[in-house]
$ cat protein-v3.txt   # compact mmCIF, C-alpha atoms
# COMPACT_ATOMS: atom_id res chain seq x y z
CA MET Q 151 204.86 95.12 211.87
CA ILE Q 152 204.14 94.33 208.21
CA ILE Q 153 207.83 94.68 207.33
CA SER Q 154 208.76 92.28 210.14
CA PHE Q 155 206.22 89.76 208.84
CA PHE Q 156 207.72 89.80 205.34
CA ILE Q 157 211.27 89.58 206.72
CA ILE Q 158 210.32 86.49 208.76
CA ARG Q 159 208.53 84.95 205.75
CA LEU Q 160 211.51 85.62 203.46
CA SER Q 161 213.90 84.18 206.04
CA LYS Q 162 211.83 80.98 206.20
CA GLN Q 163 211.89 80.65 202.38
CA ILE Q 164 215.66 81.16 202.27
CA TYR Q 165 216.11 78.59 205.05
CA LYS Q 166 213.97 76.03 203.18
CA LYS Q 167 216.00 76.54 200.00
CA TYR Q 168 219.21 76.17 202.00
CA GLN Q 169 217.97 72.93 203.55
CA LEU Q 170 217.01 71.62 200.11
CA ILE Q 171 220.42 72.46 198.69
CA LYS Q 172 222.09 70.91 201.73
CA SER Q 173 220.04 67.71 201.48
CA ASN Q 174 220.79 67.38 197.76
CA LYS Q 175 224.53 67.98 198.15
CA GLY Q 176 226.38 64.91 196.95
CA LYS Q 177 223.14 63.26 195.86
CA THR Q 178 223.23 61.41 192.55
CA LYS Q 179 221.13 63.41 190.10
CA VAL Q 180 219.09 61.44 187.58
CA ALA Q 181 216.93 62.68 184.69
CA MET Q 182 214.51 61.05 182.28
CA CYS Q 183 214.10 61.87 178.59
CA ALA Q 184 210.86 60.71 176.97
CA VAL Q 185 209.07 61.37 173.68
CA VAL Q 186 205.36 62.16 173.98
CA LYS Q 187 202.84 61.75 171.19
CA GLN Q 188 199.10 61.52 171.98
CA GLU Q 189 199.71 59.87 175.34
CA ASN Q 190 197.86 62.10 177.82
CA LYS Q 191 195.94 59.09 179.17
CA TYR Q 192 199.14 57.57 180.51
CA LEU Q 193 201.24 60.55 181.57
CA LYS Q 194 199.89 61.03 185.09
CA TYR Q 195 200.84 57.51 186.16
CA TYR Q 196 204.19 57.69 184.36
CA ILE Q 197 205.10 60.94 186.13
CA ASP Q 198 203.96 59.64 189.52
CA PHE Q 199 205.90 56.42 189.11
CA TYR Q 200 209.25 57.98 188.21
CA LYS Q 201 208.92 60.74 190.77
CA LYS Q 202 208.44 58.12 193.50
CA LEU Q 203 211.38 56.16 192.12
CA GLY Q 204 213.55 59.19 192.86
CA TYR Q 205 214.08 60.89 189.50
CA ASP Q 206 215.07 64.55 189.75
CA HIS Q 207 213.69 65.73 186.42
CA ILE Q 208 211.74 64.63 183.34
CA TYR Q 209 212.27 66.13 179.89
CA PHE Q 210 209.22 65.57 177.70
CA TYR Q 211 209.85 65.96 173.98
CA ASP Q 212 206.40 66.93 172.72
CA ASN Q 213 205.96 65.41 169.24
CA ASN Q 214 202.22 66.13 168.97
CA GLU Q 215 200.76 67.55 165.78
CA PRO Q 216 198.64 70.73 165.58
CA GLY Q 217 195.16 69.74 166.66
CA ASP Q 218 196.36 66.82 168.80
CA GLU Q 219 195.76 66.71 172.52
CA SER Q 220 198.20 68.91 174.42
CA ILE Q 221 200.18 67.78 177.43
CA ASP Q 222 199.74 71.37 178.68
CA ASP Q 223 196.11 70.44 179.43
CA LEU Q 224 197.18 68.07 182.20
CA GLN Q 225 197.33 69.58 185.68
CA ILE Q 226 200.14 67.25 186.73
CA VAL Q 227 202.26 68.55 183.84
CA LYS Q 228 201.46 72.17 184.69
CA ASP Q 229 202.38 71.54 188.32
CA GLY Q 230 205.57 69.72 187.28
CA ILE Q 231 206.65 72.61 185.07
CA ASN Q 232 205.89 75.16 187.80
CA ASN Q 233 207.82 73.28 190.50
CA GLY Q 234 210.78 72.52 188.25
CA PHE Q 235 210.30 68.76 187.94
CA ILE Q 236 209.24 68.78 184.25
CA THR Q 237 210.57 70.53 181.17
CA LYS Q 238 208.53 70.41 177.97
CA ILE Q 239 210.35 70.74 174.66
CA LYS Q 240 208.36 71.12 171.46
CA TYR Q 241 210.08 68.89 168.94
CA LYS Q 242 208.68 68.13 165.50
CA ASN Q 243 210.19 65.09 163.85
CA ASP Q 244 208.64 63.21 160.92
CA ASN Q 245 211.25 60.48 161.02
CA GLN Q 246 209.83 57.01 161.70
CA PHE Q 247 212.52 56.67 164.35
CA TYR Q 248 211.45 59.84 166.17
CA GLN Q 249 213.11 58.59 169.35
CA ILE Q 250 216.45 59.78 167.96
CA VAL Q 251 215.60 63.02 169.80
CA TYR Q 252 217.23 61.21 172.72
CA TYR Q 253 220.55 62.29 171.25
CA ASP Q 254 219.38 65.88 171.39
CA CYS Q 255 218.37 65.46 175.03
CA TYR Q 256 221.72 64.01 176.02
CA GLU Q 257 223.66 66.66 174.14
CA LYS Q 258 221.78 69.52 175.83
CA TYR Q 259 221.40 68.28 179.40
CA ASN Q 260 224.05 65.66 180.16
CA LYS Q 261 226.28 68.05 182.10
CA GLU Q 262 223.50 68.71 184.62
CA TYR Q 263 223.05 65.07 185.69
CA ASP Q 264 225.04 62.06 186.82
CA TRP Q 265 222.81 59.72 184.79
CA ILE Q 266 220.07 60.10 182.15
CA SER Q 267 217.46 57.44 181.30
CA PHE Q 268 215.69 57.08 177.96
CA PHE Q 269 212.39 55.25 178.51
CA ASP Q 270 209.09 55.55 176.66
CA ILE Q 271 205.71 56.22 178.26
CA ASP Q 272 204.82 52.50 178.15
CA GLU Q 273 208.07 51.43 179.86
CA TYR Q 274 208.44 51.14 183.63
CA LEU Q 275 211.74 50.48 185.38
CA MET Q 276 211.45 47.75 188.02
CA LEU Q 277 214.32 47.56 190.51
CA VAL Q 278 215.34 44.71 192.81
CA PRO Q 279 214.82 44.76 195.75
CA LYS Q 280 211.40 46.35 195.30
CA ASN Q 281 211.84 49.54 197.36
CA THR Q 282 215.17 50.50 195.79
CA THR Q 283 215.40 54.10 194.59
CA ILE Q 284 217.05 55.01 191.31
CA GLN Q 285 219.91 56.64 193.28
CA GLN Q 286 220.51 53.50 195.36
CA PHE Q 287 220.51 51.43 192.19
CA LEU Q 288 222.97 53.64 190.29
CA ASP Q 289 225.24 54.27 193.30
CA ASN Q 290 225.97 50.56 193.61
CA PRO Q 291 229.71 49.82 193.11
CA ARG Q 292 228.90 47.30 190.37
CA TYR Q 293 228.42 50.27 187.99
CA LYS Q 294 231.59 52.18 188.86
CA ASN Q 295 233.21 51.20 185.52
CA CYS Q 296 230.02 51.51 183.46
CA ASP Q 297 229.09 54.47 181.29
CA THR Q 298 225.84 53.00 180.00
CA ILE Q 299 223.59 50.40 181.64
CA LYS Q 300 221.45 48.25 179.36
CA ILE Q 301 218.08 47.29 180.87
CA ASN Q 302 216.23 44.34 179.32
CA TRP Q 303 212.56 44.50 178.39
CA ARG Q 304 209.90 42.27 179.90
CA LEU Q 305 206.78 42.21 177.72
CA PHE Q 306 203.33 42.14 179.31
CA THR Q 307 200.02 40.93 177.89
CA ASP Q 308 196.69 42.71 177.39
CA ASN Q 309 195.28 40.80 180.38
CA ASP Q 310 192.25 40.15 178.12
CA GLN Q 311 191.23 43.80 178.34
CA LEU Q 312 189.52 45.27 175.29
CA ASP Q 313 189.80 49.01 175.87
CA TRP Q 314 191.48 51.74 177.92
CA GLU Q 315 190.82 52.00 181.63
CA ASP Q 316 191.91 54.86 183.87
CA LYS Q 317 194.33 52.91 186.04
CA PRO Q 318 198.13 52.51 186.15
CA LEU Q 319 199.50 50.16 183.48
CA ILE Q 320 201.20 48.11 186.19
CA GLU Q 321 197.81 47.37 187.75
CA ARG Q 322 195.97 46.81 184.48
CA PHE Q 323 198.43 44.39 182.92
CA PRO Q 324 200.06 42.17 185.57
CA ILE Q 325 200.60 39.09 183.37
CA GLU Q 326 203.92 38.67 181.58
CA SER Q 327 203.78 37.54 177.95
CA ASP Q 328 205.01 34.16 176.75
CA PHE Q 329 206.43 35.99 173.75
CA THR Q 330 209.90 36.35 175.24
CA ASN Q 331 211.79 36.85 171.98
CA GLU Q 332 211.59 40.64 172.27
CA ASN Q 333 212.87 40.61 175.84
CA LYS Q 334 216.32 40.64 174.27
CA HIS Q 335 215.78 44.35 173.51
CA VAL Q 336 217.20 46.88 175.93
CA LYS Q 337 216.84 50.52 176.82
CA SER Q 338 219.69 52.57 178.24
CA ILE Q 339 220.66 54.62 181.27
CA ILE Q 340 223.71 56.70 180.37
CA ARG Q 341 226.22 58.39 182.63
CA GLY Q 342 226.27 62.18 182.34
CA LYS Q 343 229.17 64.41 181.40
CA ILE Q 344 230.40 62.13 178.60
CA TYR Q 345 231.55 63.78 175.38
CA TYR Q 346 228.41 63.36 173.31
CA LYS Q 347 230.22 63.20 169.96
CA ASN Q 348 231.34 59.72 170.97
CA PHE Q 349 227.73 58.74 170.22
CA ARG Q 350 226.94 57.72 166.65
CA ARG Q 351 223.36 58.32 165.52
CA ASN Q 352 222.18 54.94 164.35
CA ASN Q 353 218.39 55.65 164.30
CA ASN Q 354 217.93 53.21 167.15
CA ALA Q 355 216.18 54.10 170.41
CA HIS Q 356 217.27 50.95 172.22
CA SER Q 357 220.96 51.55 172.63
CA ILE Q 358 223.34 54.31 171.62
CA TYR Q 359 226.12 53.21 169.32
CA ASN Q 360 229.20 54.59 171.05
CA ASN Q 361 232.75 54.15 172.21
CA ILE Q 362 231.91 54.08 175.92
CA LYS Q 363 231.78 51.22 178.41
CA ALA Q 364 228.48 49.33 178.38
CA CYS Q 365 227.22 47.01 181.13
CA SER Q 366 224.24 44.81 181.85
CA ALA Q 367 221.99 45.43 184.85
CA SER Q 368 224.31 43.18 186.87
CA GLY Q 369 227.29 45.35 186.00
CA LYS Q 370 228.76 42.79 183.61
CA LYS Q 371 230.68 44.16 180.65
CA THR Q 372 228.81 43.95 177.34
CA ASN Q 373 228.85 45.69 173.95
CA TRP Q 374 226.85 48.65 172.61
CA ALA Q 375 224.24 46.50 170.79
CA TYR Q 376 220.51 47.14 171.14
CA TYR Q 377 219.93 43.66 172.54
CA LEU Q 378 221.21 41.50 175.37
CA TRP Q 379 220.61 37.76 175.38
CA PRO Q 380 219.94 36.00 177.65
CA PRO Q 381 218.23 38.88 179.48
CA ASP Q 382 219.88 40.07 182.68
CA LEU Q 383 216.99 40.61 185.11
CA LYS Q 384 218.75 40.13 188.43
CA TYR Q 385 218.67 43.76 189.60
CA ALA Q 386 216.48 45.56 187.06
CA SER Q 387 214.09 45.10 184.17
CA LEU Q 388 211.91 47.33 182.06
CA ASN Q 389 208.24 46.37 182.06
CA HIS Q 390 207.06 47.04 178.53
CA TYR Q 391 203.29 47.34 178.07
CA VAL Q 392 203.74 47.00 174.36
CA THR Q 393 200.18 46.46 173.16
CA LYS Q 394 197.91 47.22 176.12
CA SER Q 395 194.33 46.42 175.05
CA ILE Q 396 193.44 45.73 171.42
CA ARG Q 397 191.81 49.15 170.92
CA GLU Q 398 194.77 50.92 172.50
CA PHE Q 399 197.08 48.93 170.24
CA TYR Q 400 195.37 50.36 167.14
CA TYR Q 401 195.44 53.85 168.58
CA LYS Q 402 199.17 53.48 169.11
CA LYS Q 403 199.80 52.19 165.59
CA LYS Q 404 197.71 54.90 163.93
CA LYS Q 405 199.83 57.70 165.36
CA LYS Q 406 203.02 56.60 163.62
CA LYS Q 407 204.15 54.96 160.40
CA MET Q 408 203.34 51.31 159.96
CA ASP Q 409 206.00 48.63 159.81
CA ALA Q 410 204.54 47.32 156.53
CA ASP Q 411 203.61 48.95 153.22
CA SER Q 412 200.52 47.47 151.57
CA THR Q 413 197.10 47.27 153.27
CA ASP Q 414 197.19 43.48 153.34
CA ASP Q 415 200.72 43.48 154.70
CA LYS Q 416 199.70 45.90 157.46
CA LYS Q 417 196.81 43.71 158.48
CA LYS Q 418 198.94 40.58 158.56
CA TYR Q 419 201.69 42.34 160.46
CA LEU Q 420 199.38 43.84 163.08
CA PHE Q 421 197.39 40.64 163.52
CA LYS Q 422 200.49 38.49 163.85
CA TYR Q 423 202.21 40.83 166.27
CA PHE Q 424 199.26 41.44 168.57
CA PHE Q 425 198.46 37.74 168.91
CA SER Q 426 202.11 36.86 169.37
CA VAL Q 427 202.09 38.89 172.56
CA ASN Q 428 198.50 38.13 173.62
CA LYS Q 429 196.14 35.17 173.68
CA LYS Q 430 193.68 34.96 170.82
CA SER Q 431 189.92 34.99 171.40
CA LYS Q 432 186.86 35.31 169.16
CA VAL Q 433 185.97 38.68 170.67
CA LYS Q 434 189.43 40.11 170.05
CA VAL Q 435 189.54 38.84 166.46
CA LEU Q 436 186.11 40.38 165.82
CA ILE Q 437 187.19 43.73 167.26
CA PHE Q 438 190.44 43.54 165.30
CA ASN Q 439 188.62 43.09 162.00
CA GLN Q 440 186.05 45.79 162.78
CA ILE Q 441 188.64 48.38 163.69
CA TYR Q 442 190.89 47.48 160.79
CA HIS Q 443 188.04 47.71 158.28
CA THR Q 444 187.05 51.14 159.68
CA ASN Q 445 190.53 52.63 159.79
CA TYR Q 446 192.55 51.07 156.97
CA LYS Q 447 190.13 50.33 154.14

$ encode --input "protein-v3.txt" --output "structure tokens"
Amino acid sequence: MIISFFIIRLSKQIYKKYQLIKSNKGKTKVAMCAVVKQENKYLKYYIDFYKKLGYDHIYFYDNNEPGDESIDDLQIVKDGINNGFITKIKYKNDNQFYQIVYYDCYEKYNKEYDWISFFDIDEYLMLVPKNTTIQQFLDNPRYKNCDTIKINWRLFTDNDQLDWEDKPLIERFPIESDFTNENKHVKSIIRGKIYYKNFRRNNNAHSIYNNIKACSASGKKTNWAYYLWPPDLKYASLNHYVTKSIREFYYKKKKKKMDADSTDDKKKYLFKYFFSVNKKSKVKVLIFNQIYHTNYK
């Protein structure tokens, strides 16, 4: 009786695996590579979003320092690792351009997938029409002669928020910034099974310098460059929540090297950049000065 029970149970498990394999046969497989550094607050929504979009796997390159928060503490990461949706790779890199680990990700995993995306935790891929899956997007004939697809940024404001709130970034920051200059930047989705040594490491996370065919989101031929102007937003764009709130902006900047050297230069740089993307207010300026004085003096 007990033996029969286990035989039936095992048969059901085998059948489910067979059905899964059958349903995935011929399906375009898509992976995501993303660098993680002190971003536990945002990971749940990031994982949920890309899972619903149809991604088959996410590779998180864990660049946290000893003593930092651990992504292993998040239940959604534990579950993702256990069910095979997430792979965590411990990767220590002191380089300012730590996103060059994307080359490592492509080199190791490109043969397992038809396409691999390289988007940060504050970047969300928006497809047109709205309910399009990543497979439907990439299977479109307009990309048949493309080896890399360049997706333009769309920068979003702080929505006058002052601090972190436990909600998806898409809900928190719905207003697009008037600072459109940086929308020329792109991030890439690259076809798998390409000889990776064609890629030249140029310390740039926006676009891989290579000898392969590059296209815009509309499938139009373009070059390898890290920008595309005017932006091609017809079928896809990458919502970039570049500053979030003013306190989150400082938290982000503290975890990596500054883009300026002296203390005064840092302050000018941070102030100018934040208020280029967002509207200025007395409250924000006051908070800016308070945080800066506490952290950089």

$ atom_distance --input "protein-v3.txt" --atom1 "atom CA of Ile320 of chain Q" --atom2 "atom CA of Tyr274 of chain Q"
8.3 Å

$ closest_residue --input "protein-v3.txt" --among "Q:Gln188, Q:Ser366, Q:Gln311, Q:Ser387" --to "Ser431 of chain Q" --atoms "all atoms listed in the file"
Q:Gln311

$ closest_residue --input "protein-v3.txt" --among "Q:Thr444, Q:Phe399, Q:Lys422, Q:Glu273" --to "Tyr200 of chain Q" --atoms "all atoms listed in the file"
Q:Glu273

$ closest_residue --input "protein-v3.txt" --among "Q:Val186, Q:Cys365, Q:Val435, Q:Leu388" --to "Lys337 of chain Q" --atoms "only C-alpha atoms"
Q:Leu388

$ residues_around --input "protein-v3.txt" --residues "Leu203 of chain Q" --least-positions-apart "2" --cutoff "6 Å" --atoms "all atoms listed in the file" --output "list in words"
Tyr200, Lys201, Thr283 and Ile284 of chain Q

$ closest_residue --input "protein-v3.txt" --among "Q:Thr237, Q:Ser426, Q:Asn232, Q:Gln225" --to "Asn331 of chain Q" --atoms "all atoms listed in the file"
Q:Ser426

$ residues_around --input "protein-v3.txt" --residues "segment 373-382 of chain Q" --least-positions-apart "2" --cutoff "10 Å" --atoms "all atoms listed in the file" --output "PyMOL selection string"
chain Q and resi 298-304+330-338+354-371+384-387

$ residues_near_point --input "protein-v3.txt" --point "(209.8, 59.0, 178.4)" --cutoff "10 Å" --atoms "all atoms listed in the file" --output "PyMOL selection string"
chain Q and resi 182-186+193+196-197+200+208-211+249+252+267-274

$ closest_residue --input "protein-v3.txt" --among "Q:Ile226, Q:Tyr263, Q:Ile231, Q:Thr307" --to "Tyr195 of chain Q" --atoms "only C-alpha atoms"
Q:Ile226

$ residues_around --input "protein-v3.txt" --residues "Asp313 of chain Q" --least-positions-apart "3" --cutoff "7 Å" --atoms "all atoms listed in the file" --output "list in words"
Ser395, Ile396, Arg397 and Glu398 of chain Q

$ atom_distance --input "protein-v3.txt" --atom1 "atom CA of Lys261 of chain Q" --atom2 "atom CA of Asn213 of chain Q"
24.2 Å

$ closest_residue --input "protein-v3.txt" --among "Q:Thr393, Q:Asn439, Q:Gln286, Q:Asn260" --to "Ile340 of chain Q" --atoms "all atoms listed in the file"
Q:Asn260

$ atom_distance --input "protein-v3.txt" --atom1 "atom CA of Gln440 of chain Q" --atom2 "atom CA of Asp316 of chain Q"
23.7 Å

$ residues_around --input "protein-v3.txt" --residues "Tyr259 of chain Q" --least-positions-apart "6" --cutoff "9 Å" --atoms "only C-alpha atoms" --output "PyMOL selection string"
chain Q and resi 181+266+342-343

$ write_last_selection --input "protein-v3.txt" --atoms "C-alpha atoms" --output "mmCIF file, in the frame of the given file"
data_model
loop_
_atom_site.group_PDB
_atom_site.id
_atom_site.type_symbol
_atom_site.label_atom_id
_atom_site.label_comp_id
_atom_site.auth_asym_id
_atom_site.auth_seq_id
_atom_site.Cartn_x
_atom_site.Cartn_y
_atom_site.Cartn_z
ATOM 1 C CA ALA Q 181 216.930 62.680 184.690
ATOM 2 C CA ILE Q 266 220.070 60.100 182.150
ATOM 3 C CA GLY Q 342 226.270 62.180 182.340
ATOM 4 C CA LYS Q 343 229.170 64.410 181.400
#

$ residues_around --input "protein-v3.txt" --residues "segment 215-224 of chain Q" --least-positions-apart "4" --cutoff "8 Å" --atoms "all atoms listed in the file" --output "number ranges by chain"
Q: 188, 190, 228, 242
